[in-house]
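Student: Pasting a structure below so you can have a look.
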Amino acid sequence: MTRNKTILYALILAFTFVCPFVFPNFGTQLATLWLMIIVALTWDMTGGQMGYNSLGNIFFYGTGMYVAALISIGMVYDVGDYTNAAGGGIYAFTDAQYFGGLFLGIIGAGIFCSVVAVVIGYLTFGLRGPYFAIGTLGVAIAAGELVSNWDWVGGGQGIALPVYPGDLDTGKIFFYFLFAAVGVSVFVFVKWLYGTRFGAAINAIRDDEEKSDAMGIHTLRYKLYTWAMAAFFVGMAGGISAFQLIHFEPLESAYQTINLGIFMVVCVLLGGKGTLWGPVVGAVLFHLFKEVTWNYLLGWQWVALGALIVVTVVYFQDGVMGWLMHKRPEWFGIRIEEKIAEETE
Amino acid sequence: MDQILGNIGLLLEFPVVNLKIVLDGIMVGALFALAAYGLALVWGVMNVKNLAQGDFVISGGYVSWWLVQHGFPALLGVPIAFVVMWGIGWVVYKLVISRVIERDLFTSLLATFGLAIMMAQILNLLFGSDTQSVDLDYDVLYFFDGFIDVPIAKLIGVLMATALAAGVIIFMKSSRMGQAIRATAQDARAARVMGIDTEKVYAFTFSLNSAICGAAGAIIVMVWVIQPFYGISYSIRAFVIVTAAGLGNLPGVIAAGLGIGALEQYGAHIFGIGYQQAIAVMLLLLVLLVRLIQQRRNRQVLK
Amino acid sequence: MTAIINVRRVSKSFGGVVANQDVSLKVNSGTITGLIGPNGSGKTTLFNSIVGYHPIDEGSIQFEGEEISKLPVQQIARRGLLRTFQQTRIYGAMNGVENMLISLPHRKMKIWDALKTFTKEDYERADHLLEFVGLYEKRLLKSGDLSFGQQKLLEFAMALMNEPTCLLLDEPTAGINPTLINGLIDRLKRANSEFGITLFVIEHNMRVIMNMAETIYCLAHGELLAQGTPDEIQNDQRVIDAYLGAH
């Protein structure tokens, strides 16, 4: 790493730390921004780096929420009774129970989701291109519908979790730093991963899977591991969200296929698919756009978002990083030789 | 669990209930098949996977509903929705679809997903999120001591769907444009070389698809209810049907449409109405899985 | 001499079209074997059957004495039986060196090896093989921008990088500038003699295949027409007839 880069990273890290204190009124929005960065970076692992465009990564987010909630509740009370009471009974949590459940729940959510990813991946990775996208979308929608019919976990009403024991502002900062910690870990993790032989192998799958097969690469194995890693982080993010939101229900907040489920894809496209910084840049831009439209467009914000998706996909698919790469290839160490045409064999 | 067993028991005890479910399923399935046929058409001709398919259906339904609110006869809603949605389809084609045709498959999928969100939200802003329907004052026919009720409105709906399908088939078989569409579907480049204006064919095909969906929606609003956000489930069903039947296989699409309609009704009867959406999606996963296993046996993948 | 590939009575048809009918042949370990035949005689189909692109209808295919006709493509590739494509396939978005690095043999790799970065030896080997096929100067260019012939050479280098025991080459000289063909023949021979890779080559260019191969099989209409040394094949009336269309 060059010196400039080191300074840049240090600055960003410092900014991450001071952000919630400098902008105390935007604590929740900043936490959500980190959530977007996490889901965008993990979506890009399969979508951008491996060429498998999933529309169903939100499945891991929703599942992570439920797993975290069930673990933290189940450690103290009977889950069926708890959801049955729907806030009616008195179910208190001590601080130790709260934080114990929170951390075990979040870790458990990540582990559970990566195991599920391997199982689902085994069934769906034979699907290519649009079939994979639709199949994974189907998994997410089906999960939402099934969970909303499952009374033991609260059915369509969802689950209410205990509130953060402490004052509200500390809680906001606490969740901000949880998301930020996972977000930074994801970034560091993928930055390292893309530089290894593993990264090269999933790039090869993206560029030509049939060729990769013919060269003896364990394509299925790489696909499963990659998806499991992505699912691990998304599941953890879902777990954190569950505690941050306090109350969530299956269709609107957990398995929110048309909200976060599609936003993560748009973030990546906006920033630049298959690049390290693209998902981060895209998530920041998208989040800004979303917050602005939400505040000023009164009802039409959803139409504006749909339009943003269409415009990004149709006109600006290479994203910010792709555009930069085209304009300034030397920044990325790409060599373009003039007059390739006049080459003889 | 007991309830599920009870529901199954009911089916065995009163075989005539089966008849009713199958009948209902066929009526629903006929409309699914229309939307699926449109999807197969667009998919086959221009390789665009339209996730906004269901939203075209719902839009057509709202066109018809709006007309009825303004004093038009309900049956007129179907042809008018056909025409209006033709126009909307053309505009959508020019603005969005024409720019994703040559791109990779995920692009069209995502662009139409964005389109679906936009259309649903616009409908929501224009007409509100309540469910709407158009009431036709026709009788209900009863068979088997009242066990089976067939509203004449539904019967008319199915007949119109059949007439529309027949019209489209004849058009595709015999007209000049129909031939051009089929030629483009087989090999767009060859068609271009032979002097077919493929751009025109694409625009026509997409408009036709939109119009078919619109008419289907106008029929749906007469026999069931519509709501701005119901689109996605029609899109999913269309995908189930096309995936199961394959492209360019019209009898297959119709058979799959009817079959899926019936299966969904059975599922709703056995598991309860709350699972209807889930069943539609599970059918999709099931169909994908079956096709996958078939392909794996041939050392191939589904792409 | 032992047979590394042993194809016994293989038949394969697509719908009603018979592509291979009762084909039996052997590729001996350490040799260069040729496969010739007019267009549409089923050469590429046979290659595809051997490396597992589609199931065969009848017969058996053995590699190093083990049945492989039921295995999927990657497993066959991981046993060291590799093929190149008639319509060259490389990773077009990557440059030459990246193409080479990703072709390092995965069969010798444990999963945790995947989490290591490429070593200096890997880079040296990649450079060395690129040099071997004459692409060293172009190694940092996006390989999708290379000419067809250069891509073909790159694909060959990638195959060598994978350290196969046996390599199936589908028309290695098609699309290559005639002035470079002699050099390519030389490299193929060296790959065989220096790296010890058994080669099984489909080739249309008779001069090339007669120069290289020790044994040649000739297919026509999906059936094995003749086999023998280059001299025998050249003087076989049936082969001449098949090529002149007087069949």
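Chain labels A, B, ... are given in the sequence in which chains occur in the structure tokens; within each chain residues are numbered consecutively from 1, and ligands are likewise numbered from 1 in the order shown.
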Name the residues in contact with A:Ile73 at a cut-off of 10 Å, using only C-alpha atoms, excluding same-chain residues fewer than 2 positions from it; report them as a list of chain:residue names.
Tutor: A:Val67, A:Ala68, A:Ala69, A:Leu70, A:Ile71, A:Met75, A:Val76, A:Tyr77, A:Asp78, A:Val79, A:Tyr82, A:Thr83, A:Tyr91, A:Phe93, A:Gln97, A:Tyr98, A:Gly101, A:Leu102, A:Gly105, A:Ala160, A:Leu161, A:Pro162
Student: Residues of chain A that have any atom at most 7 Å from an atom of chain B: could you tabulate them with the shortest-distance atom pair and the distance in Å to one decimal, using only C-alpha atoms, ordered by chain and increasing number, as a tab-separated table?
Tutor:
```
residue	atom	partner	partner_atom	distance
A:Gly126	CA	B:Val301	CA	5.5
A:Leu127	CA	B:Leu302	CA	5.0
A:Arg128	CA	B:Lys303	CA	4.6
A:Gly129	CA	B:Lys303	CA	6.2
A:Pro130	CA	B:Phe106	CA	5.9
A:Tyr131	CA	B:Lys303	CA	6.6
A:Gly135	CA	B:Leu285	CA	6.3
A:Gly138	CA	B:Val281	CA	5.6
A:Ala142	CA	B:Ala278	CA	5.1
A:Glu145	CA	B:Ala278	CA	5.3
A:Leu146	CA	B:Ala278	CA	6.3
A:Asn149	CA	B:Gly274	CA	7.0
A:Trp302	CA	B:Gln121	CA	6.3
A:Val303	CA	B:Met118	CA	4.7
A:Gly306	CA	B:Gly114	CA	4.6
A:Ala307	CA	B:Met118	CA	6.6
A:Ile309	CA	B:Gly114	CA	5.2
A:Val310	CA	B:Ala111	CA	4.8
A:Val313	CA	B:Ala111	CA	5.8
A:Val314	CA	B:Val100	CA	6.4
```
Student: If you run DSSP on the backbone, which residues of stretch 12-248 of chain A are helix (DSSP H, G or I), as a PyMOL selection string?
Tutor: chain A and resi 12-22+24-47+58-74+79-85+95-124+129-148+151-153+155-157+168-193+197-207+209-214+219-245
Student: How close does each residue of chain C get to chain A, giving the shortest atom pair and distance in Å to one decimal for every residue with an atom at most 8 Å away, counting only C-alpha atoms, sorted by chain and residue number, as JSON lines?
Tutor:
```
{"residue": "C:Val73", "atom": "CA", "partner": "A:Ala214", "partner_atom": "CA", "distance": 6.0}
{"residue": "C:Gln74", "atom": "CA", "partner": "A:Gly216", "partner_atom": "CA", "distance": 4.5}
{"residue": "C:Gln75", "atom": "CA", "partner": "A:Gly216", "partner_atom": "CA", "distance": 6.6}
{"residue": "C:Ile76", "atom": "CA", "partner": "A:Gly216", "partner_atom": "CA", "distance": 7.5}
{"residue": "C:Ala77", "atom": "CA", "partner": "A:Gly216", "partner_atom": "CA", "distance": 4.6}
{"residue": "C:Arg78", "atom": "CA", "partner": "A:Gly216", "partner_atom": "CA", "distance": 4.8}
{"residue": "C:Leu82", "atom": "CA", "partner": "A:Met215", "partner_atom": "CA", "distance": 6.7}
{"residue": "C:Arg83", "atom": "CA", "partner": "A:Ala214", "partner_atom": "CA", "distance": 7.0}
{"residue": "C:Arg89", "atom": "CA", "partner": "A:Lys211", "partner_atom": "CA", "distance": 6.5}
{"residue": "C:Ile90", "atom": "CA", "partner": "A:Lys211", "partner_atom": "CA", "distance": 7.3}
{"residue": "C:Tyr91", "atom": "CA", "partner": "A:Asp207", "partner_atom": "CA", "distance": 5.5}
{"residue": "C:Gly92", "atom": "CA", "partner": "A:Asp207", "partner_atom": "CA", "distance": 7.2}
{"residue": "C:Ala93", "atom": "CA", "partner": "A:Asp207", "partner_atom": "CA", "distance": 7.0}
{"residue": "C:Glu98", "atom": "CA", "partner": "A:Ala200", "partner_atom": "CA", "distance": 7.9}
{"residue": "C:Ile102", "atom": "CA", "partner": "A:Ala200", "partner_atom": "CA", "distance": 6.0}
{"residue": "C:Ser103", "atom": "CA", "partner": "A:Met215", "partner_atom": "CA", "distance": 6.7}
{"residue": "C:Pro105", "atom": "CA", "partner": "A:Gly216", "partner_atom": "CA", "distance": 7.3}
{"residue": "C:His106", "atom": "CA", "partner": "A:Ile217", "partner_atom": "CA", "distance": 5.7}
{"residue": "C:Arg107", "atom": "CA", "partner": "A:Gly216", "partner_atom": "CA", "distance": 6.9}
{"residue": "C:Asp113", "atom": "CA", "partner": "A:Arg197", "partner_atom": "CA", "distance": 7.8}
{"residue": "C:Ala114", "atom": "CA", "partner": "A:Phe198", "partner_atom": "CA", "distance": 4.8}
{"residue": "C:Leu115", "atom": "CA", "partner": "A:Thr196", "partner_atom": "CA", "distance": 5.5}
{"residue": "C:Lys116", "atom": "CA", "partner": "A:Thr196", "partner_atom": "CA", "distance": 5.3}
{"residue": "C:Thr117", "atom": "CA", "partner": "A:Thr196", "partner_atom": "CA", "distance": 4.2}
{"residue": "C:Phe118", "atom": "CA", "partner": "A:Arg197", "partner_atom": "CA", "distance": 6.4}
{"residue": "C:Leu140", "atom": "CA", "partner": "A:Arg335", "partner_atom": "CA", "distance": 6.6}
{"residue": "C:Leu141", "atom": "CA", "partner": "A:Arg335", "partner_atom": "CA", "distance": 6.0}
{"residue": "C:Lys142", "atom": "CA", "partner": "A:Arg335", "partner_atom": "CA", "distance": 7.6}
{"residue": "C:Asp145", "atom": "CA", "partner": "A:Ile340", "partner_atom": "CA", "distance": 7.7}
{"residue": "C:Leu146", "atom": "CA", "partner": "A:Ile340", "partner_atom": "CA", "distance": 7.9}
{"residue": "C:Ser147", "atom": "CA", "partner": "A:Glu345", "partner_atom": "CA", "distance": 7.1}
{"residue": "C:Gly149", "atom": "CA", "partner": "A:Glu345", "partner_atom": "CA", "distance": 6.4}
{"residue": "C:Gln150", "atom": "CA", "partner": "A:Glu345", "partner_atom": "CA", "distance": 6.6}
{"residue": "C:Ala159", "atom": "CA", "partner": "A:Met215", "partner_atom": "CA", "distance": 7.6}
{"residue": "C:Asn162", "atom": "CA", "partner": "A:Met215", "partner_atom": "CA", "distance": 7.3}
{"residue": "C:Ile176", "atom": "CA", "partner": "A:Glu345", "partner_atom": "CA", "distance": 7.4}
{"residue": "C:Asn177", "atom": "CA", "partner": "A:Glu345", "partner_atom": "CA", "distance": 6.2}
{"residue": "C:Leu180", "atom": "CA", "partner": "A:Glu345", "partner_atom": "CA", "distance": 7.8}
```
Student: Which of these residues is nearest to A:Ala283, using only C-alpha atoms: A:Leu123, A:Ala230, A:Leu41, A:Ala85?
Tutor: A:Leu41
Student: So which residues touch B:Ile254 within 10 Å, counting only C-alpha atoms, skipping near sequence neighbours fewer than 6 positions away, as a ChimeraX atom specification?
Tutor: /B:29-34,36-37,165,241-242,245,260
Student: Please save C-alpha atoms of the selected residues as a short mmCIF file (atom, residue, chain, number, x, y, z; two decimals), in the first residue's frame.
Tutor:
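again_28.cif was written with the following content:
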```
data_model
loop_
_atom_site.label_atom_id
_atom_site.label_comp_id
_atom_site.auth_asym_id
_atom_site.auth_seq_id
_atom_site.Cartn_x
_atom_site.Cartn_y
_atom_site.Cartn_z
CA GLY B 29 -55.33 -20.60 -14.86
CA ALA B 30 -56.73 -19.36 -18.16
CA LEU B 31 -55.87 -15.81 -17.12
CA PHE B 32 -52.45 -16.81 -15.80
CA ALA B 33 -51.82 -18.47 -19.13
CA LEU B 34 -52.56 -15.23 -20.99
CA ALA B 36 -47.53 -16.16 -19.33
CA TYR B 37 -48.01 -16.31 -23.07
CA ALA B 165 -55.82 -16.31 -27.00
CA ILE B 241 -45.63 -21.23 -16.25
CA VAL B 242 -43.00 -20.26 -18.79
CA ALA B 245 -43.56 -25.08 -20.32
CA ILE B 260 -50.86 -24.20 -11.98
#
```
Student: Using only C-alpha atoms, I'd like every residue of chain C that has an atom within 10 Å of chain B; please write them out as a PyMOL selection string.
Tutor: chain C and resi 52-56+70-73
Student: Next, dump the selected residues to file, keeping only N, CA and C atoms, as a PDB file, in the first residue's frame.
Tutor:
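Generated file (again28.pdb):
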```pdb
ATOM      1  N   GLY C  52     -16.644 -34.971 -21.128  1.00  0.00           N
ATOM      2  CA  GLY C  52     -17.823 -34.959 -20.274  1.00  0.00           C
ATOM      3  C   GLY C  52     -18.818 -33.838 -20.519  1.00  0.00           C
ATOM      4  N   TYR C  53     -18.850 -33.321 -21.756  1.00  0.00           N
ATOM      5  CA  TYR C  53     -19.815 -32.245 -21.999  1.00  0.00           C
ATOM      6  C   TYR C  53     -21.228 -32.746 -22.176  1.00  0.00           C
ATOM      7  N   HIS C  54     -21.362 -33.975 -22.572  1.00  0.00           N
ATOM      8  CA  HIS C  54     -22.704 -34.541 -22.672  1.00  0.00           C
ATOM      9  C   HIS C  54     -22.621 -36.034 -22.412  1.00  0.00           C
ATOM     10  N   PRO C  55     -23.725 -36.641 -22.039  1.00  0.00           N
ATOM     11  CA  PRO C  55     -23.686 -38.078 -21.796  1.00  0.00           C
ATOM     12  C   PRO C  55     -23.556 -38.824 -23.119  1.00  0.00           C
ATOM     13  N   ILE C  56     -22.914 -39.995 -23.075  1.00  0.00           N
ATOM     14  CA  ILE C  56     -22.852 -40.802 -24.294  1.00  0.00           C
ATOM     15  C   ILE C  56     -23.968 -41.825 -24.258  1.00  0.00           C
ATOM     16  N   LYS C  70     -19.228 -41.187 -17.052  1.00  0.00           N
ATOM     17  CA  LYS C  70     -20.358 -40.687 -16.264  1.00  0.00           C
ATOM     18  C   LYS C  70     -19.993 -39.437 -15.448  1.00  0.00           C
ATOM     19  N   LEU C  71     -18.729 -39.067 -15.474  1.00  0.00           N
ATOM     20  CA  LEU C  71     -18.276 -37.964 -14.617  1.00  0.00           C
ATOM     21  C   LEU C  71     -18.577 -36.600 -15.238  1.00  0.00           C
ATOM     22  N   PRO C  72     -18.802 -35.597 -14.401  1.00  0.00           N
ATOM     23  CA  PRO C  72     -18.954 -34.241 -14.942  1.00  0.00           C
ATOM     24  C   PRO C  72     -17.606 -33.638 -15.338  1.00  0.00           C
ATOM     25  N   VAL C  73     -17.699 -32.559 -16.098  1.00  0.00           N
ATOM     26  CA  VAL C  73     -16.531 -31.944 -16.704  1.00  0.00           C
ATOM     27  C   VAL C  73     -15.395 -31.662 -15.719  1.00  0.00           C
TER      28      VAL C  73
END
```
Student: Find the spatial neighbours of A:Thr312, counting only C-alpha atoms, within a cut-off of 9 Å - ignore same-chain residues fewer than 5 positions away - and output them as an mmCIF file with C-alpha atoms, in the first residue's frame.
Tutor:
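Contents of selection-v3.cif, freshly written:
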```cif
data_model
loop_
_atom_site.group_PDB
_atom_site.id
_atom_site.type_symbol
_atom_site.label_atom_id
_atom_site.label_comp_id
_atom_site.auth_asym_id
_atom_site.auth_seq_id
_atom_site.Cartn_x
_atom_site.Cartn_y
_atom_site.Cartn_z
ATOM 1 C CA VAL A 266 -28.941 -0.739 -7.116
ATOM 2 C CA LEU A 269 -24.738 -0.952 -9.899
ATOM 3 C CA LEU A 270 -24.647 2.737 -9.046
ATOM 4 C CA ALA A 307 -37.002 5.539 -11.756
ATOM 5 C CA GLN A 317 -24.738 0.322 -15.525
ATOM 6 C CA ASP A 318 -20.981 0.561 -15.157
ATOM 7 C CA GLY A 319 -21.489 2.814 -12.171
ATOM 8 C CA ALA B 111 -34.764 -2.756 -15.269
#
```
